[in-house]
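So this one's my_file_34.pdb, PDB, C-alpha atoms and all ligand atoms:
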```
ATOM      1  CA  MET A   1      87.059 -49.599-242.907
ATOM      2  CA  VAL A   2      87.168 -49.362-246.675
ATOM      3  CA  HIS A   3      84.989 -47.114-248.793
ATOM      4  CA  VAL A   4      84.453 -47.062-252.494
ATOM      5  CA  THR A   5      83.285 -43.723-253.851
ATOM      6  CA  LYS A   6      80.988 -43.125-256.780
ATOM      7  CA  GLU A   7      84.038 -42.595-258.969
ATOM      8  CA  GLY A   8      85.243 -46.052-258.016
ATOM      9  CA  GLU A   9      88.186 -44.844-255.953
ATOM     10  CA  THR A  10      88.980 -46.885-252.897
ATOM     11  CA  TYR A  11      89.711 -45.239-249.593
ATOM     12  CA  SER A  12      90.545 -46.498-246.159
ATOM     13  CA  GLU A  13      89.360 -44.615-243.137
ATOM     14  CA  VAL A  14      92.223 -43.658-240.877
ATOM     15  CA  PRO A  15      91.375 -42.521-237.338
ATOM     16  CA  LEU A  16      93.148 -39.317-236.304
ATOM     17  CA  ASN A  17      94.318 -38.568-232.791
ATOM     18  CA  GLY A  18      91.603 -39.097-230.287
ATOM     19  CA  MET A  19      87.897 -38.597-230.304
ATOM     20  CA  LYS A  20      86.054 -35.355-229.810
ATOM     21  CA  GLU A  21      83.356 -35.241-227.170
ATOM     22  CA  MET A  22      80.457 -33.000-228.139
ATOM     23  CA  GLY A  23      77.697 -33.252-225.574
ATOM     24  CA  ASN A  24      76.768 -36.879-225.593
ATOM     25  CA  VAL A  25      77.710 -37.257-229.244
ATOM     26  CA  THR A  26      81.113 -38.737-229.961
ATOM     27  CA  MET A  27      82.570 -37.570-233.268
ATOM     28  CA  LYS A  28      85.319 -39.649-234.713
ATOM     29  CA  LYS A  29      87.675 -37.568-236.840
ATOM     30  CA  THR A  30      88.838 -39.352-239.927
ATOM     31  CA  ILE A  31      90.771 -38.617-243.047
ATOM     32  CA  LEU A  32      90.164 -40.526-246.228
ATOM     33  CA  GLN A  33      93.218 -41.909-247.934
ATOM     34  CA  GLU A  34      93.318 -43.261-251.435
ATOM     35  CA  LEU A  35      94.757 -46.746-251.728
ATOM     36  CA  PRO A  36      97.193 -47.676-254.523
ATOM     37  CA  ILE A  37      95.014 -50.410-256.016
ATOM     38  CA  PRO A  38      95.844 -50.697-259.737
ATOM     39  CA  THR A  39      92.949 -50.335-262.171
ATOM     40  CA  HIS A  40      93.124 -53.953-263.308
ATOM     41  CA  LEU A  41      92.728 -55.179-259.697
ATOM     42  CA  LYS A  42      90.157 -52.593-258.590
ATOM     43  CA  GLU A  43      87.219 -54.972-258.658
ATOM     44  CA  TYR A  44      89.113 -57.931-257.230
ATOM     45  CA  LEU A  45      91.515 -56.808-254.508
ATOM     46  CA  LYS A  46      89.776 -56.585-251.146
ATOM     47  CA  PRO A  47      91.995 -54.719-248.655
ATOM     48  CA  VAL A  48      92.598 -56.504-245.359
ATOM     49  CA  GLY A  49      93.981 -55.118-242.103
ATOM     50  CA  ALA A  50      94.490 -51.627-240.738
ATOM     51  CA  LYS A  51      97.868 -50.792-242.256
ATOM     52  CA  ASN A  52      96.722 -49.788-245.734
ATOM     53  CA  ASP A  53      97.474 -46.280-246.948
ATOM     54  CA  GLU A  54      98.507 -44.330-250.054
ATOM     55  CA  PHE A  55     101.856 -46.137-250.207
ATOM     56  CA  HIS A  56     100.932 -49.712-249.472
ATOM     57  CA  VAL A  57      97.898 -51.930-249.695
ATOM     58  CA  GLU A  58      97.460 -55.610-249.072
ATOM     59  CA  GLY A  59      94.448 -57.819-249.333
ATOM     60  CA  ASN A  60      92.997 -60.886-250.942
ATOM     61  CA  ILE A  61      91.637 -61.509-254.376
ATOM     62  CA  GLN A  62      87.952 -62.171-254.710
ATOM     63  CA  CYS A  63      86.076 -62.921-257.919
ATOM     64  CA  LEU A  64      83.020 -60.863-258.860
ATOM     65  CA  CYS A  65      80.960 -64.002-258.126
ATOM     66  CA  GLY A  66      82.119 -63.863-254.490
ATOM     67  CA  ASN A  67      84.393 -66.901-254.666
ATOM     68  CA  ASN A  68      88.006 -66.572-253.541
ATOM     69  CA  SER A  69      89.742 -69.724-254.713
ATOM     70  CA  PHE A  70      91.539 -69.825-258.020
ATOM     71  CA  LYS A  71      93.570 -71.932-260.399
ATOM     72  CA  VAL A  72      96.891 -70.164-260.869
ATOM     73  CA  CYS A  73      98.848 -70.146-264.132
ATOM     74  CA  SER A  74     102.021 -68.247-264.819
ATOM     75  CA  SER A  75     104.910 -67.776-267.185
ATOM     76  CA  ASN A  76     108.115 -65.747-267.223
ATOM     77  CA  ASN A  77     108.778 -66.611-263.575
ATOM     78  CA  GLY A  78     105.510 -65.094-262.331
ATOM     79  CA  ASN A  79     105.869 -61.952-264.434
ATOM     80  CA  ILE A  80     102.680 -63.012-266.166
ATOM     81  CA  THR A  81     100.216 -64.549-263.726
ATOM     82  CA  GLN A  82      96.652 -65.410-264.542
ATOM     83  CA  LEU A  83      93.933 -66.627-262.185
ATOM     84  CA  THR A  84      90.858 -68.614-263.111
ATOM     85  CA  CYS A  85      87.957 -68.563-260.651
ATOM     86  CA  SER A  86      87.330 -72.107-259.385
ATOM     87  CA  SER A  87      83.625 -71.390-259.192
ATOM     88  CA  CYS A  88      82.556 -69.373-262.276
ATOM     89  CA  GLY A  89      85.599 -69.816-264.529
ATOM     90  CA  LYS A  90      86.314 -66.093-264.932
ATOM     91  CA  GLU A  91      89.898 -65.412-265.939
ATOM     92  CA  MET A  92      91.904 -62.448-264.694
ATOM     93  CA  VAL A  93      95.508 -61.478-265.252
ATOM     94  CA  ILE A  94      96.647 -60.221-261.849
ATOM     95  CA  PHE A  95     100.103 -59.260-263.073
ATOM     96  CA  ASP A  96     101.708 -58.668-266.438
ATOM     97  CA  ALA A  97     105.079 -56.993-265.989
ATOM     98  CA  GLY A  98     104.948 -55.676-269.556
ATOM     99  CA  LYS A  99     101.778 -53.698-268.841
ATOM    100  CA  HIS A 100     101.473 -53.163-265.092
ATOM    101  CA  GLY A 101     103.612 -51.219-262.653
ATOM    102  CA  TYR A 102     106.032 -48.372-263.332
ATOM    103  CA  ASP A 103     108.222 -50.110-265.913
ATOM    104  CA  GLY A 104     105.352 -51.710-267.792
ATOM    105  CA  PHE A 105     102.703 -49.021-267.538
ATOM    106  CA  VAL A 106     104.804 -45.843-267.581
ATOM    107  CA  CYS A 107     107.980 -46.889-269.449
ATOM    108  CA  LYS A 108     106.224 -49.455-271.693
ATOM    109  CA  ASP A 109     109.128 -51.798-270.995
ATOM    110  CA  ASP A 110     108.052 -55.196-272.231
ATOM    111  CA  PHE A 111     110.838 -57.767-272.028
ATOM    112  CA  LEU A 112     108.589 -60.802-271.588
ATOM    113  CA  ASP A 113     108.627 -63.886-273.745
ATOM    114  CA  ARG A 114     104.958 -64.032-274.669
ATOM    115  CA  THR A 115     105.393 -67.323-276.484
ATOM    116  CA  GLU A 116     106.240 -69.041-273.192
ATOM    117  CA  PRO A 117     103.222 -71.177-272.220
ATOM    118  CA  LEU A 118     101.348 -70.524-268.972
ATOM    119  CA  ILE A 119     101.996 -73.363-266.526
ATOM    120  CA  GLN A 120      99.397 -74.263-263.912
ATOM    121  CA  TYR A 121     100.648 -74.230-260.337
ATOM    122  CA  VAL A 122     100.060 -77.375-258.270
ATOM    123  CA  CYS A 123     100.349 -77.633-254.458
ATOM    124  CA  LYS A 124     103.619 -79.410-253.714
ATOM    125  CA  LYS A 125     102.118 -81.099-250.653
ATOM    126  CA  CYS A 126      98.721 -82.366-251.779
ATOM    127  CA  ARG A 127      98.599 -81.816-255.569
ATOM    128  CA  ASN A 128      95.507 -79.607-255.259
ATOM    129  CA  THR A 129      95.166 -76.788-257.779
ATOM    130  CA  ASP A 130      92.868 -74.346-255.931
ATOM    131  CA  PHE A 131      94.438 -71.459-254.037
ATOM    132  CA  LEU A 132      93.562 -68.422-252.000
ATOM    133  CA  VAL A 133      95.558 -65.460-253.289
ATOM    134  CA  ASP A 134      96.938 -62.541-251.260
ATOM    135  CA  VAL A 135      98.372 -59.530-253.074
ATOM    136  CA  SER A 136     100.322 -56.535-251.830
ATOM    137  CA  ILE A 137     101.112 -53.384-253.793
ATOM    138  CA  SER A 138     103.650 -50.718-252.879
ATOM    139  CA  SER A 139     103.532 -47.285-254.459
ATOM    140  CA  GLN A 140     105.619 -44.122-254.307
ATOM    141  CA  GLY A 141     102.341 -42.280-253.793
ATOM    142  CA  LYS A 142     100.221 -39.921-255.826
ATOM    143  CA  GLU A 143     102.295 -36.754-255.311
ATOM    144  CA  ASP A 144     105.491 -38.229-256.784
ATOM    145  CA  PHE A 145     103.626 -39.648-259.740
ATOM    146  CA  LEU A 146     102.079 -36.270-260.550
ATOM    147  CA  GLU A 147     105.465 -34.568-260.367
ATOM    148  CA  GLU A 148     107.552 -37.164-262.177
ATOM    149  CA  VAL A 149     105.138 -38.461-264.780
ATOM    150  CA  VAL A 150     101.953 -36.456-265.298
ATOM    151  CA  ASN A 151     103.613 -33.027-265.331
ATOM    152  CA  GLY A 152     105.930 -33.981-268.182
ATOM    153  CA  ASP A 153     103.675 -36.168-270.284
ATOM    154  CA  ASP A 154     100.152 -35.359-271.436
ATOM    155  CA  SER A 155      99.373 -38.966-272.155
ATOM    156  CA  PHE A 156      99.111 -39.704-268.413
ATOM    157  CA  LYS A 157      96.262 -38.583-266.196
ATOM    158  CA  PRO A 158      96.448 -37.957-262.437
ATOM    159  CA  GLU A 159      94.274 -40.984-261.701
ATOM    160  CA  ASP A 160      96.851 -43.199-263.461
ATOM    161  CA  TRP A 161      99.069 -43.018-260.369
ATOM    162  CA  VAL A 162      97.679 -46.316-259.050
ATOM    163  CA  ASP A 163      98.892 -48.101-262.197
ATOM    164  CA  GLY A 164     102.503 -46.908-261.882
ATOM    165  CA  PHE A 165     103.099 -48.883-258.681
ATOM    166  CA  GLU A 166     106.634 -49.887-257.686
ATOM    167  CA  TRP A 167     106.329 -53.360-256.186
ATOM    168  CA  ILE A 168     103.902 -56.260-256.266
ATOM    169  CA  THR A 169     103.885 -59.489-254.322
ATOM    170  CA  ALA A 170     101.386 -62.321-254.338
ATOM    171  CA  SER A 171     101.244 -65.309-252.014
ATOM    172  CA  LEU A 172      99.206 -68.460-252.435
ATOM    173  CA  LYS A 173      97.554 -70.651-249.831
ATOM    174  CA  CYS A 174      96.373 -74.115-250.792
ATOM    175  CA  ASN A 175      92.615 -74.357-250.406
ATOM    176  CA  GLU A 176      92.920 -78.050-249.514
ATOM    177  CA  CYS A 177      95.854 -78.510-247.105
ATOM    178  CA  GLY A 178      96.629 -74.897-246.189
ATOM    179  CA  ALA A 179     100.245 -75.030-247.398
ATOM    180  CA  LYS A 180     101.554 -71.569-248.193
ATOM    181  CA  HIS A 181     103.629 -70.460-251.120
ATOM    182  CA  ARG A 182     104.923 -67.043-250.172
ATOM    183  CA  ASN A 183     105.952 -64.528-252.806
ATOM    184  CA  PHE A 184     104.761 -66.501-255.786
ATOM    185  CA  ILE A 185     105.068 -63.084-257.391
ATOM    186  CA  ASP A 186     107.712 -60.751-255.970
ATOM    187  CA  VAL A 187     108.612 -58.122-258.532
ATOM    188  CA  GLU A 188     110.077 -54.653-258.218
ATOM    189  CA  THR A 189     108.481 -52.814-261.092
ATOM    190  CA  MET A 190     110.585 -49.665-261.279
TER     191      MET A 190
HETATM  192 ZN    ZN B   1      83.926 -66.364-260.029
HETATM  193 ZN    ZN B   2      97.826 -78.496-250.620
END
```
Output the structure of this file as structure tokens.
Amino acid sequence: MVHVTKEGETYSEVPLNGMKEMGNVTMKKTILQELPIPTHLKEYLKPVGAKNDEFHVEGNIQCLCGNNSFKVCSSNNGNITQLTCSSCGKEMVIFDAGKHGYDGFVCKDDFLDRTEPLIQYVCKKCRNTDFLVDVSISSQGKEDFLEEVVNGDDSFKPEDWVDGFEWITASLKCNECGAKHRNFIDVETM
């Protein structure tokens, strides 16, 4: 189960050992864990499965209009990847290695050739251009980020930890024929 708090933080509910019987009321003990969903994906990444925690989250991308198929354009070998909603046309950059992740966000390491044109991805099997997009993010966790980054640099805030993630992958599935393109993005960002 995934919760979004008033502050916009996303949590998954993790069952702890066992259930507690209290009369005929069964109380399920849970702890709430923050998920490492980067700010720029907060509104779009919908966690899937039960294995999400502070160090890893995976899910699919959904547009604010509810649609989940996208045109996919990228440059710099996937280091800049932009989606366009097939239904409402909204554009979203799901990864920009010069801005997102530890190297981009924390170290401000931008080695990308921004003059390189974005090329639209086409299904190799059926030539369709609409894809479902799965994304996974790995993080070293909040604690490490506070110690290594926030403590030594006033320009970072504790809540920035989700943006200093260490790995991102994205896989595409053709909306027409179902062909998969695994690890369209597969970048270690630190
Ligand atoms: Zn849309
Ligand atoms: Zn296809």
* Would you write out, as a PyMOL selection string, every residue that the PyMOL selection byres (((not hetatm)) within 9 of (chain B and resi 2)) captures in this file? => chain A and resi 122-131+173-180
Dump C-alpha atoms for the selected residues as a short mmCIF file (atom, residue, chain, number, x, y, z; two decimals), keeping the file's coordinate frame?
```
data_model
loop_
_atom_site.label_atom_id
_atom_site.label_comp_id
_atom_site.auth_asym_id
_atom_site.auth_seq_id
_atom_site.Cartn_x
_atom_site.Cartn_y
_atom_site.Cartn_z
CA VAL A 122 100.06 -77.38 -258.27
CA CYS A 123 100.35 -77.63 -254.46
CA LYS A 124 103.62 -79.41 -253.71
CA LYS A 125 102.12 -81.10 -250.65
CA CYS A 126 98.72 -82.37 -251.78
CA ARG A 127 98.60 -81.82 -255.57
CA ASN A 128 95.51 -79.61 -255.26
CA THR A 129 95.17 -76.79 -257.78
CA ASP A 130 92.87 -74.35 -255.93
CA PHE A 131 94.44 -71.46 -254.04
CA LYS A 173 97.55 -70.65 -249.83
CA CYS A 174 96.37 -74.11 -250.79
CA ASN A 175 92.62 -74.36 -250.41
CA GLU A 176 92.92 -78.05 -249.51
CA CYS A 177 95.85 -78.51 -247.10
CA GLY A 178 96.63 -74.90 -246.19
CA ALA A 179 100.24 -75.03 -247.40
CA LYS A 180 101.55 -71.57 -248.19
#
```
* To do: Tell me which of A:Asp53, A:Glu147, A:Glu91, A:Glu58 sits closest to ligand ZN 1 (chain B), counting only C-alpha atoms and all ligand atoms.
  =>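 Closest to ligand ZN 1 (chain B) of all the choices is A:Glu91.
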* Using all atoms listed in the file, which residues sit within 8 Å of A:Pro36 once same-chain residues fewer than 2 positions away are excluded, as a PyMOL selection string? -> chain A and resi 34+38+53-57+137-139+141+161-163+165
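Considering all atoms listed in the file, the residues that reside within 7 Å of ligand ZN 1 (chain B) can be listed as Cys63, Leu64, Cys65, Gly66, Asn67, Cys85, Ser86, Ser87, Cys88, Gly89 and Lys90 of chain A.
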* Structure fact -> Using all atoms listed in the file, the residue out of A:Gln33, A:Glu116, A:Trp167, A:Tyr102 with shortest distance to A:Asn52 is A:Gln33
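Across the model, the gap from atom CA of A:Gln140 to atom CA of A:Gly98 is 19.1 Å.
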* Among listed residues A:Val106, A:Val187, A:Leu132, A:Ile168, nearest A:Ser155 (using only C-alpha atoms) ->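 Once distances to A:Ser155 are computed over only C-alpha atoms, the minimum belongs to A:Val106.
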* Asked: Which one of A:Thr189, A:Gln62, A:Asn79, A:Ser69 sits closest to A:Leu172 if you count all atoms listed in the file?
  ->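 Nearest to A:Leu172: A:Ser69.
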* To do: Can you work out the spacing between atom CA of A:Met190 and atom CA of A:His100 in Å, to one decimal?
  => 10.5 Å
* Contact residues around A:Ala97 with only C-alpha atoms at 9 Å, ignoring same-chain residues under 4 positions, as a PyMOL selection string -> chain A and resi 78-80+101+103-105+109-112+187+189
* Distance criterion (all atoms listed in the file): nearest to A:Ile119 out of A:Thr81, A:Asp96, A:Val48, A:Gly152 ->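 Checking each of A:Thr81, A:Asp96, A:Val48, A:Gly152 against A:Ile119, counting all atoms listed in the file, the winner is A:Thr81.
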* To do: For the structure provided, state which residues fall under the PyMOL selection byres (((chain A and resi 59) around 8) and not hetatm), and present them as a list in words.
  => Leu45, Lys46, Pro47, Val48, Gly49, Val57, Glu58, Asn60, Ile61, Asp134, Val135 and Ser136 of chain A
Specify the axis-aligned box that encloses all atoms of stretch 50-59 of chain A listed in the file after padding of 5 Å on each side, stating its centre and edge lengths in Å to one decimal as lines of an AutoDock Vina configuration file.
```
center_x = 98.2
center_y = -51.1
center_z = -245.5
size_x = 17.4
size_y = 23.5
size_z = 19.5
```
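Across the structure, atom CA of A:Phe156 and atom CA of A:Leu83 are spaced 28.1 Å apart.
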* For A:Asp186, which of A:Phe95, A:Tyr121, A:Lys108, A:Leu35 is the closest residue, counting all atoms listed in the file? ->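 Checking each of A:Phe95, A:Tyr121, A:Lys108, A:Leu35 against A:Asp186, counting all atoms listed in the file, the winner is A:Phe95.
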Could you model N, CA and C atoms for stretch 46-78 of chain A and present them as a tab-separated table (two decimals), keeping the file's coordinate frame?
```
chain	number	residue	atom	x	y	z
A	46	LYS	N	90.52	-57.03	-252.33
A	46	LYS	CA	89.78	-56.58	-251.15
A	46	LYS	C	90.78	-56.32	-250.03
A	47	PRO	N	91.00	-55.04	-249.67
A	47	PRO	CA	92.00	-54.72	-248.66
A	47	PRO	C	91.68	-55.39	-247.33
A	48	VAL	N	92.74	-55.84	-246.65
A	48	VAL	CA	92.60	-56.50	-245.36
A	48	VAL	C	93.55	-55.83	-244.38
A	49	GLY	N	93.11	-55.65	-243.14
A	49	GLY	CA	93.98	-55.12	-242.10
A	49	GLY	C	93.91	-53.60	-242.02
A	50	ALA	N	94.61	-53.05	-241.04
A	50	ALA	CA	94.49	-51.63	-240.74
A	50	ALA	C	95.67	-50.81	-241.25
A	51	LYS	N	96.63	-51.49	-241.90
A	51	LYS	CA	97.87	-50.79	-242.26
A	51	LYS	C	97.89	-50.23	-243.68
A	52	ASN	N	96.74	-50.23	-244.34
A	52	ASN	CA	96.72	-49.79	-245.73
A	52	ASN	C	96.68	-48.26	-245.82
A	53	ASP	N	97.49	-47.73	-246.73
A	53	ASP	CA	97.47	-46.28	-246.95
A	53	ASP	C	97.86	-45.98	-248.40
A	54	GLU	N	98.21	-44.74	-248.68
A	54	GLU	CA	98.51	-44.33	-250.05
A	54	GLU	C	99.73	-45.05	-250.62
A	55	PHE	N	100.59	-45.56	-249.75
A	55	PHE	CA	101.86	-46.14	-250.21
A	55	PHE	C	101.90	-47.66	-250.20
A	56	HIS	N	100.91	-48.26	-249.57
A	56	HIS	CA	100.93	-49.71	-249.47
A	56	HIS	C	99.52	-50.24	-249.25
A	57	VAL	N	99.19	-51.29	-249.96
A	57	VAL	CA	97.90	-51.93	-249.70
A	57	VAL	C	98.09	-53.43	-249.81
A	58	GLU	N	97.45	-54.16	-248.92
A	58	GLU	CA	97.46	-55.61	-249.07
A	58	GLU	C	96.07	-56.15	-248.82
A	59	GLY	N	95.78	-57.26	-249.47
A	59	GLY	CA	94.45	-57.82	-249.33
A	59	GLY	C	94.35	-59.13	-250.09
A	60	ASN	N	93.14	-59.65	-250.18
A	60	ASN	CA	93.00	-60.89	-250.94
A	60	ASN	C	92.14	-60.68	-252.18
A	61	ILE	N	92.32	-61.61	-253.10
A	61	ILE	CA	91.64	-61.51	-254.38
A	61	ILE	C	90.30	-62.25	-254.28
A	62	GLN	N	89.28	-61.56	-254.71
A	62	GLN	CA	87.95	-62.17	-254.71
A	62	GLN	C	87.32	-61.96	-256.08
A	63	CYS	N	86.73	-63.03	-256.61
A	63	CYS	CA	86.08	-62.92	-257.92
A	63	CYS	C	84.78	-62.13	-257.78
A	64	LEU	N	84.29	-61.60	-258.89
A	64	LEU	CA	83.02	-60.86	-258.86
A	64	LEU	C	81.87	-61.76	-258.41
A	65	CYS	N	82.02	-63.08	-258.55
A	65	CYS	CA	80.96	-64.00	-258.13
A	65	CYS	C	81.01	-64.25	-256.63
A	66	GLY	N	82.02	-63.71	-255.94
A	66	GLY	CA	82.12	-63.86	-254.49
A	66	GLY	C	83.08	-64.95	-254.06
A	67	ASN	N	83.47	-65.81	-254.98
A	67	ASN	CA	84.39	-66.90	-254.67
A	67	ASN	C	85.83	-66.38	-254.53
A	68	ASN	N	86.62	-67.04	-253.69
A	68	ASN	CA	88.01	-66.57	-253.54
A	68	ASN	C	89.05	-67.68	-253.70
A	69	SER	N	88.69	-68.75	-254.40
A	69	SER	CA	89.74	-69.72	-254.71
A	69	SER	C	89.92	-69.80	-256.23
A	70	PHE	N	91.18	-69.97	-256.60
A	70	PHE	CA	91.54	-69.82	-258.02
A	70	PHE	C	92.55	-70.87	-258.46
A	71	LYS	N	92.48	-71.23	-259.74
A	71	LYS	CA	93.57	-71.93	-260.40
A	71	LYS	C	94.59	-70.84	-260.76
A	72	VAL	N	95.85	-71.18	-260.65
A	72	VAL	CA	96.89	-70.16	-260.87
A	72	VAL	C	97.82	-70.62	-261.99
A	73	CYS	N	97.95	-69.82	-263.03
A	73	CYS	CA	98.85	-70.15	-264.13
A	73	CYS	C	99.82	-68.99	-264.33
A	74	SER	N	101.07	-69.34	-264.62
A	74	SER	CA	102.02	-68.25	-264.82
A	74	SER	C	103.08	-68.62	-265.84
A	75	SER	N	103.74	-67.59	-266.34
A	75	SER	CA	104.91	-67.78	-267.18
A	75	SER	C	105.92	-66.69	-266.83
A	76	ASN	N	107.08	-66.76	-267.46
A	76	ASN	CA	108.12	-65.75	-267.22
A	76	ASN	C	108.37	-65.53	-265.73
A	77	ASN	N	108.45	-66.67	-265.00
A	77	ASN	CA	108.78	-66.61	-263.58
A	77	ASN	C	107.81	-65.74	-262.76
A	78	GLY	N	106.53	-65.84	-263.08
A	78	GLY	CA	105.51	-65.09	-262.33
A	78	GLY	C	105.25	-63.70	-262.88
```
